[in-house]
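S.K.: Contents are mmCIF, C-alpha atoms; file name my_file-v4.cif:
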data_data
loop_
_atom_site.label_atom_id
_atom_site.label_comp_id
_atom_site.auth_asym_id
_atom_site.auth_seq_id
_atom_site.Cartn_x
_atom_site.Cartn_y
_atom_site.Cartn_z
CA ILE A 1 -21.32 14.54 -4.53
CA ARG A 2 -23.61 11.99 -6.10
CA ILE A 3 -24.38 10.80 -9.61
CA GLU A 4 -28.10 10.72 -10.34
CA LYS A 5 -29.25 7.11 -10.69
CA GLU A 6 -30.45 7.44 -14.28
CA ASN A 7 -27.00 8.68 -15.32
CA VAL A 8 -24.84 6.18 -13.45
CA PHE A 9 -24.60 3.40 -16.00
CA MET A 10 -24.11 5.76 -18.94
CA GLU A 11 -21.21 7.49 -17.17
CA ILE A 12 -19.55 4.24 -16.15
CA LYS A 13 -19.93 2.75 -19.62
CA ASP A 14 -18.13 5.73 -21.13
CA ARG A 15 -15.27 5.61 -18.61
CA VAL A 16 -13.29 2.55 -19.70
CA LEU A 17 -9.54 2.64 -20.26
CA ALA A 18 -7.89 0.48 -22.91
CA PRO A 19 -6.15 -2.57 -21.37
CA GLU A 20 -2.79 -1.51 -22.81
CA ILE A 21 -2.94 1.75 -20.82
CA ILE A 22 -3.39 -0.11 -17.55
CA GLU A 23 -0.62 -2.57 -18.44
CA ALA A 24 1.73 0.32 -19.21
CA TYR A 25 1.04 1.86 -15.79
CA LYS A 26 2.03 -1.41 -14.11
CA LYS A 27 5.60 -0.93 -15.36
CA LEU A 28 5.94 2.32 -13.39
CA ASP A 29 6.05 3.19 -9.69
CA THR A 30 4.00 5.62 -7.63
CA THR A 31 6.72 8.25 -7.39
CA GLU A 32 6.93 8.54 -11.18
CA VAL A 33 3.15 8.73 -11.51
CA ALA A 34 2.91 11.26 -8.68
CA ASP A 35 5.52 13.51 -10.33
CA ALA A 36 3.68 13.21 -13.63
CA ILE A 37 0.23 14.01 -12.28
CA ASN A 38 1.57 17.12 -10.56
CA ARG A 39 2.35 18.44 -14.01
CA PHE A 40 -1.37 18.72 -14.65
CA GLY A 41 -2.19 20.47 -11.40
CA TYR A 42 -3.48 17.46 -9.44
CA ASN A 43 -2.54 16.26 -5.96
CA THR A 44 -4.25 12.90 -5.60
CA GLY A 45 -2.01 11.04 -3.19
CA MET A 46 -4.08 9.32 -0.50
CA PHE A 47 -2.18 10.36 2.62
CA GLY A 48 -2.58 8.03 5.58
CA LEU A 49 -3.37 4.91 3.54
CA ASN A 50 -0.69 2.24 3.80
CA CYS A 51 0.24 -0.83 1.80
CA ILE A 52 -0.80 -3.77 3.97
CA VAL A 53 0.77 -6.52 1.84
CA SER A 54 4.38 -5.56 1.17
CA GLY A 55 5.68 -6.23 -2.32
CA THR A 56 2.28 -6.02 -4.02
CA LYS A 57 1.12 -3.42 -6.54
CA VAL A 58 -2.45 -2.32 -7.23
CA CYS A 59 -3.44 -0.96 -10.63
CA GLY A 60 -6.88 -0.78 -12.21
CA GLN A 61 -10.02 1.28 -12.61
CA ALA A 62 -12.01 2.21 -9.54
CA PHE A 63 -15.18 0.41 -8.49
CA THR A 64 -16.39 2.73 -5.74
CA VAL A 65 -18.22 1.68 -2.57
CA LEU A 66 -19.86 4.09 -0.12
CA PHE A 67 -20.67 2.93 3.42
CA GLY A 68 -23.10 4.55 5.81
CA VAL A 69 -23.30 4.31 9.61
CA CYS A 70 -25.99 2.14 11.19
CA GLN A 71 -28.30 4.00 13.53
CA GLY A 72 -29.02 1.24 16.03
CA GLY A 73 -28.98 -2.16 14.37
CA PHE A 74 -28.75 -4.15 11.16
CA GLU A 75 -29.57 -1.97 8.15
CA GLY A 76 -28.84 -4.19 5.17
CA LYS A 77 -26.37 -6.63 3.69
CA MET A 78 -23.07 -5.55 2.15
CA ASP A 79 -22.78 -8.23 -0.53
CA TYR A 80 -21.60 -6.14 -3.48
CA LEU A 81 -18.47 -8.12 -4.35
CA ASP A 82 -19.88 -10.25 -7.14
CA ASP A 83 -20.88 -7.10 -9.02
CA VAL A 84 -17.26 -5.88 -9.28
CA PRO A 85 -15.83 -6.45 -12.79
CA ALA A 86 -12.58 -8.38 -13.10
CA GLY A 87 -9.60 -6.05 -13.32
CA ASN A 88 -11.21 -3.28 -11.25
CA VAL A 89 -9.95 -2.01 -7.90
CA ILE A 90 -12.45 -1.75 -5.04
CA VAL A 91 -12.36 1.72 -3.45
CA ILE A 92 -14.20 1.87 -0.10
CA ASP A 93 -15.28 5.14 1.47
CA ASN A 94 -15.78 4.33 5.15
CA ASP A 95 -15.15 7.94 6.16
CA GLY A 96 -11.74 7.07 7.60
CA ARG A 97 -13.32 5.38 10.62
CA LEU A 98 -10.94 3.59 12.98
CA ASP A 99 -13.48 1.95 15.31
CA TYR A 100 -14.61 -0.92 13.07
CA SER A 101 -13.42 -2.68 9.93
CA CYS A 102 -14.75 -2.55 6.38
CA TRP A 103 -12.76 -5.39 4.79
CA GLY A 104 -11.47 -8.86 5.70
CA ASP A 105 -10.22 -12.25 4.54
CA LEU A 106 -13.45 -13.70 3.14
CA MET A 107 -13.98 -10.62 1.02
CA SER A 108 -10.38 -10.85 -0.17
CA ARG A 109 -10.89 -14.47 -1.19
CA VAL A 110 -13.99 -13.61 -3.24
CA ALA A 111 -12.23 -10.65 -4.83
CA MET A 112 -9.22 -12.76 -5.82
CA ARG A 113 -11.46 -15.50 -7.18
CA ASN A 114 -13.28 -12.95 -9.33
CA GLY A 115 -10.12 -11.35 -10.70
CA VAL A 116 -10.36 -8.06 -8.79
CA ASN A 117 -7.01 -6.27 -8.74
CA GLY A 118 -7.05 -4.98 -5.15
CA THR A 119 -8.84 -2.99 -2.46
CA ILE A 120 -8.37 0.55 -1.13
CA ALA A 121 -10.13 1.17 2.18
CA ASP A 122 -10.47 4.56 3.84
CA GLY A 123 -10.81 2.93 7.24
CA ILE A 124 -9.46 -0.14 9.02
CA ILE A 125 -9.35 -3.76 7.88
CA ARG A 126 -8.88 -7.08 9.65
CA ASP A 127 -7.75 -10.70 9.08
CA ILE A 128 -4.30 -9.46 8.10
CA PRO A 129 -2.40 -12.80 8.31
CA ASP A 130 -4.77 -14.43 5.79
CA ILE A 131 -4.75 -11.42 3.46
CA ARG A 132 -0.95 -11.38 3.48
CA GLU A 133 -0.81 -15.11 2.84
CA MET A 134 -3.06 -14.57 -0.20
CA LYS A 135 -0.84 -11.65 -1.33
CA TYR A 136 -3.99 -9.71 -2.13
CA PRO A 137 -3.11 -6.02 -2.78
CA THR A 138 -4.73 -4.02 0.01
CA PHE A 139 -4.35 -0.46 1.28
CA ALA A 140 -5.95 0.92 4.45
CA ARG A 141 -5.53 3.44 7.25
CA ALA A 142 -4.83 0.80 9.89
CA THR A 143 -5.64 -2.72 11.02
CA HIS A 144 -7.83 -3.91 13.89
CA MET A 145 -9.94 -6.97 14.66
CA TRP A 146 -13.26 -5.17 15.38
CA THR A 147 -16.07 -6.13 12.99
CA GLY A 148 -18.10 -3.73 10.89
CA LYS A 149 -21.23 -5.85 11.27
CA MET A 150 -24.07 -3.89 12.84
CA HIS A 151 -22.00 -0.72 12.54
CA SER A 152 -22.06 0.09 8.82
CA TYR A 153 -24.23 -0.59 5.80
CA LEU A 154 -23.86 -0.37 2.04
CA GLU A 155 -25.21 3.00 0.99
CA ALA A 156 -24.24 2.96 -2.70
CA THR A 157 -21.80 1.62 -5.29
CA GLN A 158 -20.33 3.31 -8.36
CA VAL A 159 -20.83 6.86 -7.09
CA PRO A 160 -18.16 9.51 -6.48
CA VAL A 161 -16.48 8.98 -3.10
CA ARG A 162 -13.84 10.78 -1.06
CA ILE A 163 -10.81 8.78 0.04
CA ALA A 164 -8.34 10.47 2.38
CA GLY A 165 -9.55 13.80 1.08
CA VAL A 166 -9.24 12.79 -2.59
CA GLU A 167 -12.34 12.57 -4.77
CA VAL A 168 -12.49 9.30 -6.70
CA LYS A 169 -15.04 8.66 -9.42
CA PRO A 170 -15.97 5.30 -10.94
CA GLY A 171 -13.45 4.51 -13.66
CA ASP A 172 -10.61 6.66 -12.32
CA LEU A 173 -7.28 4.82 -12.33
CA ILE A 174 -6.03 3.59 -8.94
CA PHE A 175 -2.30 2.96 -8.63
CA GLY A 176 -0.34 1.92 -5.55
CA ASP A 177 2.76 0.15 -4.30
CA ASP A 178 4.84 -0.02 -1.12
CA THR A 179 5.34 3.75 -1.20
CA GLY A 180 1.61 4.58 -1.15
CA VAL A 181 -1.48 4.88 -3.31
CA LEU A 182 -2.98 7.57 -5.55
CA SER A 183 -5.70 8.07 -8.12
CA VAL A 184 -5.47 9.38 -11.66
CA PRO A 185 -8.64 11.04 -12.99
CA PHE A 186 -9.99 9.16 -15.99
CA GLU A 187 -9.87 12.28 -18.16
CA VAL A 188 -6.08 12.66 -17.92
CA ALA A 189 -4.99 9.02 -17.53
CA GLU A 190 -3.33 8.84 -20.96
CA LYS A 191 -1.54 12.20 -20.60
CA VAL A 192 -0.28 11.30 -17.14
CA LEU A 193 0.97 7.95 -18.44
CA ALA A 194 3.00 9.63 -21.18
CA ALA A 195 4.52 12.08 -18.69
CA ALA A 196 5.33 9.31 -16.20
CA GLN A 197 7.01 7.25 -18.91
CA GLU A 198 9.16 10.26 -19.82
CA ILE A 199 10.18 10.70 -16.18
CA HIS A 200 10.91 6.97 -15.88
CA GLU A 201 13.23 7.01 -18.90
CA ARG A 202 14.99 10.20 -17.78
CA GLU A 203 15.67 8.76 -14.32
CA LYS A 204 17.07 5.55 -15.80
CA VAL A 205 19.62 7.64 -17.69
CA ILE A 206 20.50 9.49 -14.47
CA GLU A 207 21.02 6.15 -12.71
CA GLY A 208 23.43 5.14 -15.45
CA PHE A 209 25.44 8.34 -15.07
CA ILE A 210 25.58 7.88 -11.28
CA LYS A 211 26.93 4.34 -11.69
CA GLN A 212 29.66 5.82 -13.88
CA GLY A 213 30.66 8.14 -11.02
CA MET A 214 29.06 11.37 -12.23
CA ARG A 215 27.94 13.94 -9.66
CA LEU A 216 24.17 13.98 -9.10
CA ASP A 217 23.77 17.64 -10.00
CA LYS A 218 25.73 17.10 -13.22
CA ALA A 219 23.70 13.98 -14.09
CA ARG A 220 20.47 15.89 -13.62
CA GLU A 221 21.74 18.77 -15.70
CA GLU A 222 22.89 16.47 -18.51
CA THR A 223 19.47 14.80 -18.73
CA GLY A 224 17.37 17.94 -18.42
CA TYR A 225 15.85 16.55 -15.25
CA TYR A 226 14.99 19.97 -13.90
CA PHE A 227 13.21 20.82 -17.14
CA LEU A 228 10.60 18.24 -16.20
CA GLN A 229 9.79 20.25 -13.09
CA GLU A 230 9.71 23.53 -15.04
CA ALA A 231 7.43 21.92 -17.60
CA GLN A 232 5.04 21.01 -14.80
CA LYS A 233 4.79 24.63 -13.70
CA LYS A 234 4.25 25.95 -17.22
CA GLU A 235 1.57 23.42 -18.05
CA LYS A 236 -0.29 24.11 -14.81
CA GLN A 237 -0.30 27.83 -15.55
CA GLU A 238 -1.75 27.25 -19.00
#
As structure tokens, what does this structure read like?
M.R.:
Amino acid sequence: IRIEKENVFMEIKDRVLAPEIIEAYKKLDTTEVADAINRFGYNTGMFGLNCIVSGTKVCGQAFTVLFGVCQGGFEGKMDYLDDVPAGNVIVIDNDGRLDYSCWGDLMSRVAMRNGVNGTIADGIIRDIPDIREMKYPTFARATHMWTGKMHSYLEATQVPVRIAGVEVKPGDLIFGDDTGVLSVPFEVAEKVLAAAQEIHEREKVIEGFIKQGMRLDKAREETGYYFLQEAQKKEKQE
């Protein structure tokens, strides 16, 4: 799937979330957001992508990057980093390749300097000790030292990409923590936030009941926890 060039900038300009929405997401975790997005019929968890820097959280709108495979030599520079707006999350479609990297420490340093919120790579990355020392939020399939130079080239930025089987468009919300990473389509970001906040509050009440010694099934019944799941099914059917 591609966006025609003449329509790219118009679409991106119209896909901007209010800062307070992104800040509100940061107070949640991926399990709450995942449960909420299921209510709307989406399954956008990026299976196979792992949090490389434990204890970090990534949250921001997607700046998408599409890599192609070189056909026998150098086919162009990959210096796109200084075009990424502060607060965005870099989302790299490297087709899940495990034979060469698509991200490293120098790129992480530039991204951090420019205020980028993190990187999601459907492929492998390298320079892990430095990236962890920087505490730069990074998610990838695996790690390996092999370079991507002479193997891949920058095909396009800010086009729809596919990450671990999930379509991500420029401006979609990317959210991840130690549990994993997912995307929230721009069109439902506010609705998913409201649902996730409801789940968050309901589970806090359940935690309180559990601390008081209440049985789990009783705590869930008292808070209407199962209604949240039923509501998901009803809304999806509509």
S.K.: Which of these residues is nearest to A:Arg162, using all atoms listed in the file: A:Asp95, A:Glu207, A:Glu201, A:Glu32?
M.R.: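 Nearest candidate to A:Arg162 out of A:Asp95, A:Glu207, A:Glu201, A:Glu32: A:Asp95.
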S.K.: Go through A:Gly115, A:Gly171, A:Gly104, A:Pro129 and flag the residue nearest A:Gly148, using only C-alpha atoms for the distances.
M.R.: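 Residue with the minimum atom-to-atom distance to A:Gly148: A:Gly104.
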S.K.: Name every residue that the PyMOL selection byres ((chain A and resi 98) around 8) selects in this structure, writing the answer as a list in words with chains first and numbers rising.
M.R.: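 When the PyMOL selection byres ((chain A and resi 98) around 8) is applied, the selected residues are Gly96, Arg97, Asp99, Tyr100, Ser101, Gly123, Ile124, Arg141 and Ala142 of chain A.
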S.K.: Let me make sure I understand: among A:Ala34, A:Val166, A:Val53, A:Ile90, which one has the smallest atom-to-atom distance to A:Ile199 if we use all atoms listed in the file?
M.R.: A:Ala34
S.K.: Please enumerate the residues selected by the PyMOL selection byres ((chain A and resi 138) around 12) when evaluated against the supplied file, formatted as a VMD selection string.
M.R.: chain A and resid 49 to 59 89 to 92 102 to 105 107 to 108 111 to 112 116 to 128 130 to 132 134 to 137 139 to 143 174 to 178 180 to 181
S.K.: Within 7 Å of (-6.8, -6.0, -14.8), all atoms listed in the file: residues as a ChimeraX atom specification?
M.R.: /A:60,86-88,117
S.K.: Give as a list in words the residues that the PyMOL selection byres ((chain A and resi 189) around 9) matches when applied to the coordinates above.
M.R.: Leu17, Ile21, Ile37, Asp172, Leu173, Val184, Pro185, Phe186, Glu187, Val188, Glu190, Lys191, Val192, Leu193 and Ala194 of chain A
S.K.: Residues of the last selection are to be written out with C-alpha atoms, as a PDB file, keeping the file's coordinate frame.
M.R.:
ATOM      1  CA  LEU A  17      -9.540   2.640 -20.260  1.00  0.00           C
ATOM      2  CA  ILE A  21      -2.940   1.750 -20.820  1.00  0.00           C
ATOM      3  CA  ILE A  37       0.230  14.010 -12.280  1.00  0.00           C
ATOM      4  CA  ASP A 172     -10.610   6.660 -12.320  1.00  0.00           C
ATOM      5  CA  LEU A 173      -7.280   4.820 -12.330  1.00  0.00           C
ATOM      6  CA  VAL A 184      -5.470   9.380 -11.660  1.00  0.00           C
ATOM      7  CA  PRO A 185      -8.640  11.040 -12.990  1.00  0.00           C
ATOM      8  CA  PHE A 186      -9.990   9.160 -15.990  1.00  0.00           C
ATOM      9  CA  GLU A 187      -9.870  12.280 -18.160  1.00  0.00           C
ATOM     10  CA  VAL A 188      -6.080  12.660 -17.920  1.00  0.00           C
ATOM     11  CA  GLU A 190      -3.330   8.840 -20.960  1.00  0.00           C
ATOM     12  CA  LYS A 191      -1.540  12.200 -20.600  1.00  0.00           C
ATOM     13  CA  VAL A 192      -0.280  11.300 -17.140  1.00  0.00           C
ATOM     14  CA  LEU A 193       0.970   7.950 -18.440  1.00  0.00           C
ATOM     15  CA  ALA A 194       3.000   9.630 -21.180  1.00  0.00           C
TER      16      ALA A 194
END
S.K.: Quick one: distance from atom CA of A:Glu155 to atom CA of A:Arg113 in Å, one decimal?
M.R.: 24.5 Å
S.K.: To one decimal place in Å, what is the distance between atom CA of A:Asp93 and atom CA of A:Leu66?
M.R.: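 Interatomic distance, atom CA of A:Asp93 to atom CA of A:Leu66: 5.0 Å.
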S.K.: A:Ala156, A:Met46, A:Val33, A:Ile12: which is nearest A:Tyr80, counting all atoms listed in the file?
M.R.: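 Nearest to A:Tyr80: A:Ala156.
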